[in-house]
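So this one's structure_4.cif, mmCIF, C-alpha atoms:
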data_target
#
loop_
_atom_site.label_atom_id
_atom_site.label_comp_id
_atom_site.auth_asym_id
_atom_site.auth_seq_id
_atom_site.Cartn_x
_atom_site.Cartn_y
_atom_site.Cartn_z
CA MET A 1 -73.93 -25.72 4.35
CA LYS A 2 -77.15 -25.12 6.29
CA ARG A 3 -80.69 -24.17 5.40
CA GLY A 4 -83.68 -24.57 7.65
CA PRO A 5 -83.63 -28.00 9.31
CA VAL A 6 -81.32 -29.54 6.63
CA ASP A 7 -77.56 -29.64 6.14
CA LEU A 8 -75.36 -30.64 3.23
CA ILE A 9 -73.00 -33.32 4.53
CA LEU A 10 -69.70 -33.97 2.72
CA GLN A 11 -69.23 -37.73 2.23
CA PRO A 12 -66.14 -39.46 0.84
CA PRO A 13 -66.62 -42.35 -1.57
CA ALA A 14 -66.56 -45.84 -0.14
CA SER A 15 -64.51 -47.02 -3.10
CA LEU A 16 -62.97 -46.00 -6.42
CA ARG A 17 -62.46 -48.58 -9.15
CA ARG A 18 -61.99 -48.84 -12.88
CA THR A 19 -64.88 -50.47 -14.72
CA ALA A 20 -64.58 -52.97 -17.55
CA GLY A 21 -65.46 -50.15 -19.94
CA GLY A 22 -62.59 -48.00 -18.71
CA ARG A 23 -64.58 -45.49 -16.66
CA LEU A 24 -63.63 -44.56 -13.12
CA GLN A 25 -66.46 -45.45 -10.74
CA LEU A 26 -67.04 -43.80 -7.37
CA ASP A 27 -69.31 -45.76 -5.04
CA PHE A 28 -70.77 -43.91 -2.04
CA GLY A 29 -72.26 -47.01 -0.44
CA LYS A 30 -75.88 -45.85 -0.25
CA VAL A 31 -78.19 -43.65 -2.29
CA ALA A 32 -78.59 -40.06 -1.06
CA PHE A 33 -79.96 -36.83 -2.52
CA GLY A 34 -77.05 -34.60 -3.45
CA ASN A 35 -74.41 -33.72 -6.01
CA LEU A 36 -70.63 -33.98 -6.28
CA ARG A 37 -67.81 -31.72 -5.09
CA VAL A 38 -64.62 -32.43 -7.02
CA HIS A 39 -61.01 -31.29 -6.73
CA TRP A 40 -59.78 -30.64 -10.24
CA PRO A 41 -56.16 -31.48 -11.02
CA PRO A 42 -53.96 -28.36 -11.38
CA GLY A 43 -53.88 -27.15 -14.96
CA PHE A 44 -56.66 -29.48 -16.18
CA ALA A 45 -58.19 -27.72 -19.18
CA GLY A 46 -60.27 -30.47 -20.73
CA GLU A 47 -63.77 -31.84 -20.18
CA ALA A 48 -64.81 -34.70 -17.96
CA VAL A 49 -68.09 -36.58 -18.27
CA PHE A 50 -69.87 -37.61 -15.07
CA HIS A 51 -72.58 -40.29 -15.03
CA PHE A 52 -74.75 -40.11 -11.89
CA GLY A 53 -76.67 -43.30 -11.16
CA GLU A 54 -79.16 -44.62 -8.65
CA ALA A 55 -78.82 -48.15 -10.01
CA THR A 56 -76.31 -50.34 -11.80
CA ALA A 57 -76.58 -53.01 -14.45
CA ASN A 58 -73.80 -55.57 -14.76
CA GLY A 59 -71.61 -53.49 -12.45
CA LEU A 60 -71.97 -50.28 -14.45
CA VAL A 61 -74.18 -47.23 -13.89
CA ASP A 62 -77.50 -48.02 -15.53
CA THR A 63 -77.95 -45.29 -18.14
CA SER A 64 -81.49 -46.43 -19.01
CA PRO A 65 -82.98 -47.36 -15.64
CA PRO A 66 -86.60 -48.47 -15.28
CA GLY A 67 -89.48 -46.36 -14.03
CA ALA A 68 -88.58 -43.47 -11.78
CA VAL A 69 -85.01 -44.64 -11.05
CA ARG A 70 -82.68 -41.72 -11.76
CA TYR A 71 -79.71 -41.29 -14.10
CA ALA A 72 -78.00 -38.10 -15.28
CA ARG A 73 -75.06 -37.28 -17.55
CA VAL A 74 -73.06 -34.10 -16.95
CA VAL A 75 -70.18 -32.64 -18.96
CA ALA A 76 -68.05 -30.50 -16.65
CA THR A 77 -64.89 -28.40 -16.75
CA ALA A 78 -62.74 -26.86 -14.05
CA GLU A 79 -63.80 -23.39 -15.18
CA ARG A 80 -67.40 -24.14 -14.19
CA GLY A 81 -66.46 -24.67 -10.55
CA ASN A 82 -65.97 -27.50 -8.10
CA VAL A 83 -69.61 -28.57 -7.81
CA VAL A 84 -70.74 -31.01 -10.47
CA ALA A 85 -74.53 -31.11 -10.34
CA PRO A 86 -77.06 -32.95 -12.51
CA PRO A 87 -79.47 -30.91 -14.63
CA PRO A 88 -82.93 -30.09 -13.20
CA ASN A 89 -85.61 -32.69 -13.82
CA ALA A 90 -88.80 -31.46 -15.47
CA LYS A 91 -90.96 -33.73 -13.30
CA ASN A 92 -89.93 -32.22 -9.97
CA THR A 93 -89.22 -28.59 -10.77
CA LEU A 94 -92.78 -27.49 -11.53
CA PRO A 95 -94.03 -24.38 -9.68
CA ALA A 96 -95.55 -26.37 -6.81
CA ALA A 97 -92.36 -28.34 -6.18
CA VAL A 98 -90.42 -27.66 -2.98
CA ALA A 99 -87.16 -26.12 -4.11
CA THR A 100 -83.81 -26.82 -2.52
CA PRO A 101 -81.46 -23.81 -2.14
CA ALA A 102 -80.10 -22.52 -5.44
CA GLU A 103 -76.63 -22.24 -3.92
CA TRP A 104 -76.54 -26.01 -3.43
CA GLY A 105 -76.91 -26.76 -7.12
CA THR A 106 -79.39 -29.36 -8.32
CA VAL A 107 -79.63 -32.47 -6.15
CA MET A 108 -80.79 -35.92 -7.20
CA PRO A 109 -80.67 -39.38 -5.66
CA PHE A 110 -77.54 -41.32 -6.61
CA ARG A 111 -75.05 -43.81 -5.22
CA TRP A 112 -72.58 -44.20 -8.06
CA VAL A 113 -70.72 -41.73 -10.25
CA GLU A 114 -68.73 -42.89 -13.27
CA VAL A 115 -66.23 -40.49 -14.79
CA GLU A 116 -64.74 -40.31 -18.28
CA GLY A 117 -61.89 -38.04 -19.36
CA TRP A 118 -60.16 -37.77 -15.97
CA PRO A 119 -56.32 -37.68 -16.27
CA GLU A 120 -54.66 -40.98 -15.44
CA THR A 121 -51.96 -39.16 -13.49
CA ALA A 122 -54.48 -37.47 -11.19
CA LEU A 123 -56.51 -40.34 -9.71
CA ALA A 124 -55.78 -39.12 -6.19
CA TYR A 125 -57.70 -35.91 -6.98
CA LEU A 126 -60.74 -37.92 -8.07
CA ALA A 127 -60.47 -40.13 -4.99
CA SER A 128 -60.82 -36.97 -2.89
CA ALA A 129 -64.21 -36.12 -4.46
CA GLN A 130 -67.08 -35.83 -1.97
CA ARG A 131 -70.82 -36.24 -2.26
CA GLN A 132 -72.74 -33.26 -0.91
CA ALA A 133 -75.69 -35.13 0.60
CA ALA A 134 -78.71 -33.40 2.15
CA PHE A 135 -80.04 -34.75 5.46
CA ALA A 136 -82.07 -33.49 8.40
CA ARG A 137 -79.72 -31.55 10.66
CA GLY A 138 -80.80 -33.11 13.93
CA TRP A 139 -80.79 -36.70 12.68
CA ARG A 140 -79.11 -39.16 15.06
CA ASP A 141 -78.14 -42.52 13.58
CA ASP A 142 -77.86 -43.94 17.08
CA ALA A 143 -81.32 -42.84 18.20
CA ALA A 144 -82.95 -46.16 17.32
CA ALA A 145 -81.76 -49.68 16.72
CA PHE A 146 -83.13 -53.06 15.77
CA ALA A 147 -81.46 -56.47 15.61
CA SER A 148 -82.81 -59.96 15.18
CA SER A 149 -81.67 -63.42 14.19
CA ASN A 150 -83.25 -62.91 10.76
CA PRO A 151 -80.90 -61.12 8.32
CA LEU A 152 -83.82 -60.20 6.04
CA LEU A 153 -85.67 -58.44 8.87
CA ASN A 154 -82.47 -56.59 9.76
CA ASP A 155 -82.09 -55.45 6.15
CA ILE A 156 -85.74 -54.32 6.02
CA TRP A 157 -85.23 -52.28 9.18
CA GLU A 158 -82.09 -50.60 7.84
CA LEU A 159 -83.68 -49.88 4.45
CA SER A 160 -86.72 -48.35 6.16
CA ARG A 161 -84.69 -46.33 8.68
CA TYR A 162 -82.28 -45.00 6.09
CA SER A 163 -85.07 -44.19 3.62
CA ILE A 164 -86.68 -41.93 6.23
CA LYS A 165 -83.33 -40.20 6.76
CA ALA A 166 -82.54 -39.80 3.04
CA THR A 167 -85.93 -38.36 2.17
CA THR A 168 -85.54 -35.43 4.58
CA PHE A 169 -83.40 -33.73 1.92
CA ALA A 170 -85.97 -31.03 1.05
CA GLY A 171 -86.43 -29.82 4.62
CA ILE A 172 -89.99 -31.14 4.64
CA TYR A 173 -91.46 -34.51 3.73
CA VAL A 174 -92.04 -34.65 -0.02
CA ASP A 175 -93.10 -37.50 -2.28
CA GLY A 176 -89.53 -38.66 -2.84
CA ASP A 177 -88.22 -37.61 -6.24
CA ARG A 178 -91.52 -37.68 -8.13
CA GLU A 179 -93.03 -34.17 -7.90
CA ARG A 180 -91.22 -33.07 -4.72
CA ILE A 181 -94.54 -31.96 -3.28
CA ALA A 182 -95.77 -32.55 0.26
CA TYR A 183 -98.99 -34.55 0.58
CA GLU A 184 -100.77 -34.74 3.92
CA ALA A 185 -101.36 -38.51 4.08
CA ASP A 186 -97.83 -39.29 2.91
CA ALA A 187 -96.44 -36.75 5.37
CA TYR A 188 -98.28 -38.35 8.29
CA LEU A 189 -96.76 -41.74 7.48
CA ASN A 190 -93.34 -40.13 7.12
CA GLN A 191 -93.83 -38.41 10.46
CA ILE A 192 -94.67 -41.50 12.49
CA GLY A 193 -91.89 -43.40 10.73
CA HIS A 194 -89.46 -40.61 11.55
CA GLN A 195 -90.59 -40.61 15.17
CA ALA A 196 -89.69 -44.30 15.38
CA CYS A 197 -86.16 -43.60 14.15
CA ASP A 198 -85.11 -40.17 15.40
CA PRO A 199 -86.37 -37.79 18.13
CA ASP A 200 -86.14 -34.42 16.35
CA PRO A 201 -89.62 -33.10 15.34
CA ALA A 202 -88.25 -30.25 13.18
CA ILE A 203 -88.94 -31.84 9.76
CA ALA A 204 -92.44 -32.97 10.74
CA ARG A 205 -93.29 -29.53 12.09
CA ALA A 206 -91.88 -27.74 9.05
CA THR A 207 -93.99 -30.04 6.87
CA PHE A 208 -97.12 -29.37 8.93
CA ASP A 209 -96.68 -25.59 8.64
CA HIS A 210 -96.01 -25.91 4.91
CA LEU A 211 -99.19 -27.91 4.41
CA LEU A 212 -101.25 -25.35 6.31
CA ASP A 213 -100.30 -22.87 3.58
CA HIS A 214 -100.08 -25.32 0.66
CA PRO A 215 -102.86 -27.91 1.05
CA THR A 216 -103.44 -30.57 -1.57
CA TRP A 217 -106.77 -31.53 -3.11
CA PRO A 218 -107.87 -34.99 -1.80
CA THR A 219 -110.64 -35.00 0.80
CA GLU A 220 -109.05 -37.53 3.15
CA TRP A 221 -105.68 -35.78 2.95
CA ALA A 222 -107.03 -32.65 4.66
CA LEU A 223 -108.32 -34.88 7.47
CA HIS A 224 -104.78 -36.16 8.05
CA MET A 225 -103.71 -32.77 9.41
CA PRO A 226 -105.30 -33.46 12.82
CA PHE A 227 -103.48 -36.81 12.75
CA MET A 228 -100.16 -35.01 12.29
CA ALA A 229 -100.93 -32.55 15.06
CA HIS A 230 -102.02 -35.31 17.43
CA ALA A 231 -98.92 -37.39 16.65
CA ASP A 232 -96.69 -34.41 17.47
CA TRP A 233 -98.46 -33.84 20.78
CA MET A 234 -98.34 -37.53 21.72
CA TYR A 235 -94.64 -37.68 20.87
CA THR A 236 -93.38 -34.35 22.27
CA LYS A 237 -96.09 -33.40 24.81
CA ASP A 238 -95.46 -29.81 23.63
CA ARG A 239 -98.88 -28.24 24.07
CA SER A 240 -97.65 -24.73 23.20
CA TRP A 241 -96.67 -25.68 19.64
CA LEU A 242 -100.02 -27.34 19.04
CA ALA A 243 -102.07 -24.60 20.73
CA ALA A 244 -100.66 -22.01 18.33
CA ARG A 245 -101.97 -24.05 15.40
CA TYR A 246 -105.23 -25.40 16.78
CA ASP A 247 -107.50 -22.81 15.17
CA ALA A 248 -105.85 -23.39 11.79
CA LEU A 249 -106.76 -27.08 12.09
CA LEU A 250 -110.51 -26.53 12.35
CA PRO A 251 -111.04 -25.82 8.62
CA LYS A 252 -109.33 -29.17 7.93
CA LEU A 253 -112.48 -30.82 9.28
CA LEU A 254 -114.25 -29.53 6.15
CA PRO A 255 -117.19 -27.88 7.97
CA GLU A 256 -118.58 -26.63 4.67
CA ARG A 257 -119.36 -30.27 3.80
CA LEU A 258 -121.05 -31.17 7.10
CA ARG A 259 -124.62 -32.45 6.69
CA ALA A 260 -127.50 -32.19 9.12
CA ASP A 261 -127.02 -35.83 10.12
CA GLY A 262 -123.44 -35.14 11.25
CA LEU A 263 -121.71 -36.80 8.30
CA LEU A 264 -119.49 -35.23 5.68
CA GLY A 265 -121.26 -35.12 2.37
CA THR A 266 -119.77 -35.41 -1.09
CA PRO A 267 -121.64 -33.42 -3.72
CA PRO A 268 -121.15 -34.63 -7.30
CA GLU A 269 -118.75 -31.82 -8.17
CA LEU A 270 -116.39 -32.90 -5.35
CA ARG A 271 -116.58 -36.65 -5.87
CA ARG A 272 -113.24 -36.80 -7.66
CA ARG A 273 -111.58 -35.53 -4.47
CA ASP A 274 -112.60 -38.57 -2.42
CA ILE A 275 -109.63 -40.92 -2.66
CA VAL A 276 -110.77 -44.12 -0.82
CA ASP A 277 -107.70 -45.85 -2.30
CA TRP A 278 -105.15 -45.11 -4.98
CA PRO A 279 -104.62 -45.95 -7.73
CA LYS A 280 -108.23 -46.37 -8.73
CA SER A 281 -107.64 -50.03 -9.56
CA GLU A 282 -107.08 -50.67 -5.83
CA ARG A 283 -110.61 -49.60 -4.82
CA ASP A 284 -112.04 -53.12 -5.12
CA GLY A 285 -115.35 -51.99 -6.58
CA TYR A 286 -116.06 -49.41 -3.87
CA VAL A 287 -119.38 -47.66 -4.57
CA PHE A 288 -119.35 -43.90 -4.08
CA THR A 289 -122.42 -42.20 -2.61
CA ASP A 290 -123.34 -38.76 -1.30
CA ALA A 291 -121.75 -39.66 2.07
CA ASN A 292 -118.79 -41.99 1.66
CA THR A 293 -117.86 -44.39 4.45
CA VAL A 294 -114.10 -44.04 4.03
CA VAL A 295 -114.24 -40.24 4.14
CA ASN A 296 -116.39 -40.30 7.27
CA ALA A 297 -114.19 -42.86 8.99
CA PHE A 298 -111.29 -40.42 8.59
CA TYR A 299 -113.54 -37.55 9.69
CA ILE A 300 -114.62 -39.31 12.90
CA GLU A 301 -111.04 -40.21 13.76
CA ALA A 302 -109.93 -36.62 13.15
CA LEU A 303 -112.69 -35.39 15.48
CA MET A 304 -111.63 -37.87 18.15
CA GLU A 305 -107.99 -36.82 17.95
CA LEU A 306 -108.85 -33.13 18.17
CA ARG A 307 -111.09 -33.87 21.12
CA SER A 308 -108.26 -35.79 22.76
CA ARG A 309 -106.01 -32.80 22.37
CA SER A 310 -108.54 -30.29 23.65
CA SER A 311 -109.57 -32.37 26.67
CA VAL A 312 -106.15 -32.64 28.32
CA GLY A 313 -105.02 -30.23 30.99
CA PRO A 314 -102.55 -27.46 30.15
CA THR A 315 -98.95 -28.57 30.00
CA ASP A 316 -95.60 -26.94 29.43
CA SER A 317 -93.22 -27.89 26.61
CA THR A 318 -91.97 -30.91 28.60
CA GLY A 319 -95.48 -32.28 29.15
CA ALA A 320 -95.47 -31.59 32.88
CA GLU A 321 -98.66 -30.45 34.53
CA PRO A 322 -98.36 -26.88 35.94
#
As structure tokens, please, write out the structure in this file.
Amino acid sequence: MKRGPVDLILQPPASLRRTAGGRLQLDFGKVAFGNLRVHWPPGFAGEAVFHFGEATANGLVDTSPPGAVRYARVVATAERGNVVAPPPNAKNTLPAAVATPAEWGTVMPFRWVEVEGWPETALAYLASAQRQAAFARGWRDDAAAFASSNPLLNDIWELSRYSIKATTFAGIYVDGDRERIAYEADAYLNQIGHQACDPDPAIARATFDHLLDHPTWPTEWALHMPFMAHADWMYTKDRSWLAARYDALLPKLLPERLRADGLLGTPPELRRRDIVDWPKSERDGYVFTDANTVVNAFYIEALMELRSRSSVGPTDSTGAEP
């Protein structure tokens, strides 16, 4: 299944086992955003209960996980179709959330599925279940590699690389599974992380275009848009893509807040938009004024990156000089 720069990939379980509590547990090896495609046994007319989990406790799906870790319980029947999907989550289906295609069914992050009520004589049908996992279409697992003599460093690399891949599920960079909204500063970090792992710029560019139309409120976040544009140009050397968006970048420099001394000002009514650091407890006593140092540091860097872009000679999409 395809939509924009994302595909649904069918993944078999890595293992199927019976838990101490009698449930049948499918383990897909890693967490991914998706749902489950099952093959119901012929003639099955009952109900089966599916427990989707992002974490386990004592070898079982954790049904009361901490914080934002996800769990969902679904009662399904063959009459309702082959896709077993968790219910929508109120936190990430608000109007501003980036929606995945309705035809996919709801997706959530999970690794394990435990099943109750499945016929004992039909375990082979459950073993043929597949996770429908959403990933960037152009992603290449072999595009980047890292190995060292330190197993912990190797694990950190793989966790970081795979996290970038897994969080492409929405077709643009969103804030994981919190609000499913794109934020400029977060997107920039996603972008440069993605560029270190995989060469396809499609997700970063889709995110950039989305943010042009759906900006968020923090002052410094708007100033990250030139960073994203500059990173694309440095990585792809595709001047034509950037040139088509250059004029749309100029308002991101917040000219309406420019003072006579060349600094960006912060009038009292806009002070809440200056982030500096987040959460507020991480600001280390920073004192806000009418022209904040952090905001202007971002502003100067954004100016420098736009100047860098505008000062180079014309190039084609490969970066070659004409």
*Can you list what the PyMOL selection byres ((chain A and resi 77) around 7) grabs from this structure, as a PyMOL selection string?*
chain A and resi 46-48+76+78-80
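Taking all atoms listed in the file into account, A:Tyr71 lies nearest to A:Val113 out of the set A:Leu258, A:Ala96, A:Val113, A:Ala90.
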*For A:Asp198, list every protein, DNA or RNA residue within 10 Å, evaluated using all atoms listed in the file, and leave out those in the same chain fewer than 2 positions away; present the list as an MDAnalysis selection string.*
chainID A and resid 138:144 161 164:165 193:196 200:201
*Check which residues satisfy the PyMOL selection byres ((chain A and resi 231) around 12) in the file shown, then give them as number ranges by chain.*
A: 187-196, 201, 204-205, 208, 224-230, 232-239, 242, 302, 305-306, 308-309
*Selection result of the PyMOL selection byres ((chain A and resi 128) around 12) on this file, as a PyMOL selection string*: chain A and resi 10-16+26+36-41+82+122-127+129-131
*Between atom CA of A:Val6 and atom CA of A:Phe135, measure the distance and give it in Å to one decimal.*
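Value for the atom CA of A:Val6-atom CA of A:Phe135 distance: 5.5 Å.
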*So what do you get for atom CA of A:Pro119 versus atom CA of A:Val61, distance-wise?*
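Interatomic distance, atom CA of A:Pro119 to atom CA of A:Val61: 20.4 Å.
The shortest atom-to-atom distance to A:Trp241, with only C-alpha atoms taken into account, belongs to A:Asp209 out of A:Asp209, A:Glu220, A:Asp274, A:Asp27.
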*Return the single residue from A:Tyr299, A:Phe50, A:Trp217, A:Trp278 that is closest to A:Pro255, with distances computed using only C-alpha atoms.*
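Of A:Tyr299, A:Phe50, A:Trp217, A:Trp278, the one nearest A:Pro255, counting only C-alpha atoms, is A:Tyr299.
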*Atomic separation - atom CA of A:Pro101 relative to atom CA of A:Leu8, Å*: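 These atoms are spaced 10.6 Å apart.
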*asked:* Please determine, counting all atoms listed in the file, which residue among A:Ala291, A:Cys197, A:Ala20, A:Leu303 has the shortest atom-to-atom distance to A:Ala260.
replied: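 Among A:Ala291, A:Cys197, A:Ala20, A:Leu303, it is A:Ala291 that comes nearest to A:Ala260.
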*Using all atoms listed in the file: which of A:Gln132, A:Thr207, A:Thr219, A:Ser148 has the shortest distance to A:Asp277*: A:Thr219
*Rank nothing, just name the residue among A:Ala55, A:Val83, A:Ile156, A:Leu264 nearest to A:Arg111, using only C-alpha atoms.*
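Of A:Ala55, A:Val83, A:Ile156, A:Leu264, the one nearest A:Arg111 is A:Ala55, counting only C-alpha atoms.
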*Which polymer residues have any atom within 6 Å of an atom of stretch 173-185 of chain A, counting all atoms listed in the file, with same-chain residues fewer than 3 positions away left out, as number ranges by chain?*
A: 91-92, 97-98, 188, 221, 224
